[in-house]
Amino acid sequence: MSAQRLLWPTACSLWTIAVGTVVLVAPGSPIRPLVVLPFLLVGPGISLVRLLGLRDVVLELTLACSVGIMLATLVASAMAYFGGWLPRLGLAVLMCITLGASLIDALRARAALRIEASGPR
Amino acid sequence: MSDSGAPESVFERLIGAPGTLRPDVRAGVRALAAAAPSFPSLASVFVVIAALLVWAGSLAAVDLNAMNDLGLVSVLPKAMLAALLLVTTSFCICLHRRELSEPLLALHLLALVVMLYAIPPLVEEVPRFAVTWRHIGVAEAISRTHEVDPTIDAYFNWPGFFALSAFVTNVSGLDATSLAAWTPVALNVLYLGPLLLLLREVTDDRRVVWLGLLIFYLADWIGQDYFSPQGLNYFLYLVILLIVVRWFRRTGRSQVSVWIAQLVRRLSAARALEPGTARRGAAVDSGASGAQRAALMAILLGLFGTTVASHQLTPFAVLLAVTALVVFDRCSSARLPLVMMVLIGTWSAFLAVAYFKGHLASLTGNVGALEQNVGTSVGGRLHGSVEHLLVLYARLAITGGVWSLAFLGAIRAYRRRRFSGTFALLACAPFALMALQPYGGEILLRTYLFSLPFIAFFAACFFYVAADTGRSWITTGFVCVAVGVLGLGFLVTRYGNERMDYFTRAELSAVRYVTETARPGALLLAAASSLPWKLEKYEQFDYKTLDASPVWLSLDPEHPDVAALVREVERELKRPTGGYFVLTRSQEAQLEMLGWRRSFLERFEQGLQGSEELRIAYANRDASVFVVNPQTRRHKEVSR
């Protein structure tokens, strides 16, 4: 069970790396929207929402989408209001949030794995 | 019978009596048999796939040029209508089965969402709705100028959605028009999550949940799910209410609420039987820890803050809903409305002050004028061609029908102790919006939309009044007829204005010609509002429509003075910064739908073409662009 908990943070981290690679290395690639759009909608949100430990996929995905929209709106509005329109920087902020939250999630899953491995005393 | 006493499955009969196979093989086969989908399930999946194929195959037969004022339904092939009826009927049969398969129902619903909402992006050349292009233009302005200038108009005082759109298109490399075209499908898929979870909060009966969802999608003819702030904010509205209902719900009633709500006392709680409601006056056990609830409250406030920054109306809809729950003691966070009011007030006082300075009187002038606000939404719209009037009456009939069904469903649920006071409050709360603002004549539509999830729940309760009833074929037949009527009604009501709402590439080319050649400060004049303009350099031009001018408003519909209109166009275009008059197919469709005769529009166009003061600067099969004739102008200046 705990091993499964590593699935999401690993997937989120790999996805974030894929987004960074596509945007920086191959910005003209036709797969760019397919990689970036779902990331913006779900990536930062799911990595944060999973820290709540709700254990309901539909619920987590629903909250993840709303949190993803919220964070992207916050970042975009801040850039527009403060006159520093740097979309790549905004994307980098969202990628950092995703990686940071995924790291915390992974550490928690690893701790749970260790407890499982040590067995009942 | 098997050795366990359970009825023998098909697989067991095939593999023979116990002992003829090794026990481990037999256990494996039995597990496989249990996991394998039943024949009715497979048949339902086949029906959905077949209907999708028929639907997709008939898309090519849609001829938009043959459309009349009934809208898209007038050119939809019969095969497409049959495919839609097939899916809705299959859905109803799935609801009839003893063991409900939620994945199967979800498959039906997703297929239906695609079949209902993906027709326009697949058959039309460019995104529909004039306002979609305006929103693309606002996002383009932010993306190009890298800032928000609140003095331009209201959009720049609530720019959250537009900044988000600009950001998304910038980083994803996706064209804004592609994003806009598929937004209705994406948003409706997105709505499914919070709707499903919300309905599950108030009933254990899965048939009510799924029929409620189906009714929601079939009754949502309002069409606010396009590329717009309200479309995205509706999703946030649903998620905020989900968080409140799931994690911050109370079951009971305080003394204050008793005092305030004597009239609805019995309805609000006396017979409520929602899952998890043990006794009155207690918070519903959501199973969440204090830290989880704190984090969820932070998310809720963050989402509310996003709506405040993105849309004028949605925060008020959320505020009214949450206030209703708090007043009637159905929300454990009593200070939440206060915090929401502070957030709305802060935004209005600091970041939307530029808009309020010039519009405060018009915004507050209609507060309390309920009759006038409702009249603008209903009476103000009931005119136009015969087919258009049919569409308008169909909208009224569907709205009235769904509300009546919900009312009867609420009564039946109440009598069978399945009434949800929480949902009754959430269904009623948006109606308070009607006392605040006419909202450009749309307040009744928006109210309908905000209350629709809860109305749909009660409408579903009408058919499935208890967990142990409603499995007769008579009930299933009634459900089939009701959703069939709603489905066909959806196509009439939602796409009833399609003749003026859809645009062609030719129309878009004409508008692009104007935005590319016009100087900053130029006037862009159109006969009516239905054209794909404002998509580029939004803040640089002055936009006007002729049908809002005093000359047009004083026209006699029987004998309109075409010469006066042509003179008005000539007068408007003579600006030092230049002017363009854009006349398109979609504008003519709009004016015809509103009751103006085709002969009048043809004479008007001939008058423009015959004017010495004007010349055609650009023309194609669907659009003409007129500008002031420089030769005539020079000639007049010389003779003067």
# chains A, B, ... in the order shown; residues from 1 in each chain; ligands from 1
call {"tool": "residues_around", "arguments": {"residues": "Glu498 (chain B)", "least_positions_apart": "4", "cutoff": "6 Å", "atoms": "only C-alpha atoms", "output": "JSON list (two decimals) with N, CA and C atoms, in the first residue's frame"}}
result
[["chain", "number", "residue", "atom", "x", "y", "z"],
["B", 71, "GLY", "N", -32.25, 27.20, -35.14],
["B", 71, "GLY", "CA", -30.87, 26.94, -34.72],
["B", 71, "GLY", "C", -30.32, 25.63, -35.24],
["B", 72, "LEU", "N", -29.34, 25.12, -34.52],
["B", 72, "LEU", "CA", -28.59, 23.96, -34.98],
["B", 72, "LEU", "C", -29.47, 22.72, -35.20],
["B", 502, "TYR", "N", -22.70, 31.33, -34.72],
["B", 502, "TYR", "CA", -21.54, 30.72, -35.38],
["B", 502, "TYR", "C", -20.94, 31.69, -36.39]]
call {"tool": "interface_residues", "arguments": {"of": "chain B", "to": "chain A", "cutoff": "8 Å", "atoms": "only C-alpha atoms", "output": "number ranges by chain"}}
result
B: 142-143, 146-148, 159-161, 163-164, 166-168, 170-174, 190, 193-194, 197, 235-236, 239, 292, 295, 299, 302-303, 306
call {"tool": "write_last_selection", "arguments": {"atoms": "C-alpha atoms", "output": "PDB file, in the first residue's frame"}}
result
ATOM      1  CA  ILE B 142      -2.707  41.419 -21.253  1.00  0.00           C
ATOM      2  CA  SER B 143      -0.265  39.119 -23.015  1.00  0.00           C
ATOM      3  CA  HIS B 146       2.250  42.738 -19.990  1.00  0.00           C
ATOM      4  CA  GLU B 147      -0.005  44.646 -17.613  1.00  0.00           C
ATOM      5  CA  VAL B 148      -3.560  45.213 -16.434  1.00  0.00           C
ATOM      6  CA  PRO B 159      -8.784  40.139 -14.806  1.00  0.00           C
ATOM      7  CA  GLY B 160      -8.029  36.783 -13.148  1.00  0.00           C
ATOM      8  CA  PHE B 161      -9.440  34.607 -15.930  1.00  0.00           C
ATOM      9  CA  ALA B 163      -4.431  36.715 -17.027  1.00  0.00           C
ATOM     10  CA  LEU B 164      -4.755  32.947 -16.600  1.00  0.00           C
ATOM     11  CA  ALA B 166      -2.771  34.672 -21.411  1.00  0.00           C
ATOM     12  CA  PHE B 167      -0.410  32.707 -19.166  1.00  0.00           C
ATOM     13  CA  VAL B 168      -1.720  29.327 -20.319  1.00  0.00           C
ATOM     14  CA  ASN B 170       2.012  31.664 -23.513  1.00  0.00           C
ATOM     15  CA  VAL B 171       3.523  28.679 -21.719  1.00  0.00           C
ATOM     16  CA  SER B 172       1.670  25.895 -23.526  1.00  0.00           C
ATOM     17  CA  GLY B 173       2.096  27.332 -27.004  1.00  0.00           C
ATOM     18  CA  LEU B 174      -1.570  26.587 -27.684  1.00  0.00           C
ATOM     19  CA  LEU B 190     -14.553  19.249 -15.212  1.00  0.00           C
ATOM     20  CA  GLY B 193     -16.298  15.712 -10.384  1.00  0.00           C
ATOM     21  CA  PRO B 194     -17.717  18.294  -7.963  1.00  0.00           C
ATOM     22  CA  LEU B 197     -19.325  14.422  -5.040  1.00  0.00           C
ATOM     23  CA  PHE B 235     -16.383  25.046 -11.471  1.00  0.00           C
ATOM     24  CA  LEU B 236     -14.849  26.897  -8.514  1.00  0.00           C
ATOM     25  CA  VAL B 239     -15.897  23.016  -5.515  1.00  0.00           C
ATOM     26  CA  GLN B 292      -7.144  18.642   7.286  1.00  0.00           C
ATOM     27  CA  ALA B 295      -6.009  23.101   5.073  1.00  0.00           C
ATOM     28  CA  ILE B 299      -8.147  26.018  -0.073  1.00  0.00           C
ATOM     29  CA  GLY B 302      -8.028  30.600  -1.923  1.00  0.00           C
ATOM     30  CA  LEU B 303     -10.683  29.446  -4.382  1.00  0.00           C
ATOM     31  CA  THR B 306      -9.776  33.450  -7.222  1.00  0.00           C
TER      32      THR B 306
END
call {"tool": "select_by_dssp", "arguments": {"residues": "chain A", "states": "alpha helix (DSSP H)", "output": "ChimeraX atom specification"}}
result
/A:2-5,7-25,32-49,57-81,87-118
call {"tool": "atom_distance", "arguments": {"atom1": "CA of Ile136 (chain B)", "atom2": "CA of Val185 (chain B)"}}
result
17.5 Å
call {"tool": "residues_around", "arguments": {"residues": "region 45-47 of chain B", "least_positions_apart": "3", "cutoff": "12 Å", "atoms": "only C-alpha atoms", "output": "JSON, numbers by chain"}}
result
{"B": [37, 38, 39, 40, 41, 42, 50, 51, 52, 53, 54, 55, 82, 83, 84, 85, 86, 87, 88, 89, 90, 91, 93, 94, 101, 103, 104, 105, 106, 107, 108, 109, 111]}
call {"tool": "residues_around", "arguments": {"residues": "Met95 (chain A)", "least_positions_apart": "5", "cutoff": "9 Å", "atoms": "only C-alpha atoms", "output": "PyMOL selection string"}}
result
chain A and resi 13+16-17+19-20+43-44+90+100
call {"tool": "write_last_selection", "arguments": {"atoms": "C-alpha atoms", "output": "short mmCIF file (atom, residue, chain, number, x, y, z; two decimals), in the first residue's frame"}}
result
data_model
loop_
_atom_site.label_atom_id
_atom_site.label_comp_id
_atom_site.auth_asym_id
_atom_site.auth_seq_id
_atom_site.Cartn_x
_atom_site.Cartn_y
_atom_site.Cartn_z
CA SER A 13 8.14 14.74 -10.48
CA THR A 16 7.39 18.29 -14.05
CA ILE A 17 10.74 17.35 -15.56
CA VAL A 19 7.31 19.98 -18.82
CA GLY A 20 10.62 21.73 -18.17
CA GLY A 43 0.19 18.91 -11.52
CA PRO A 44 0.64 21.51 -8.76
CA GLY A 90 5.53 31.73 -13.61
CA GLY A 100 8.51 20.53 -3.41
#
call {"tool": "closest_residue", "arguments": {"among": "B:Leu214, B:Ala334, B:Cys461, B:Ile119", "to": "Tyr414 (chain B)", "atoms": "only C-alpha atoms"}}
result
B:Cys461
call {"tool": "atom_distance", "arguments": {"atom1": "CA of Val245 (chain B)", "atom2": "CA of Ile344 (chain B)"}}
result
21.7 Å
call {"tool": "closest_residue", "arguments": {"among": "B:Leu594, B:Ala354, B:Ala510, B:Leu525", "to": "Ser624 (chain B)", "atoms": "only C-alpha atoms"}}
result
B:Ala510
call {"tool": "residues_around", "arguments": {"residues": "Asp105 (chain A)", "least_positions_apart": "3", "cutoff": "9 Å", "atoms": "only C-alpha atoms", "output": "count of residues only"}}
result
14
call {"tool": "atom_distance", "arguments": {"atom1": "CA of Leu524 (chain B)", "atom2": "CA of Gly607 (chain B)"}}
result
19.1 Å
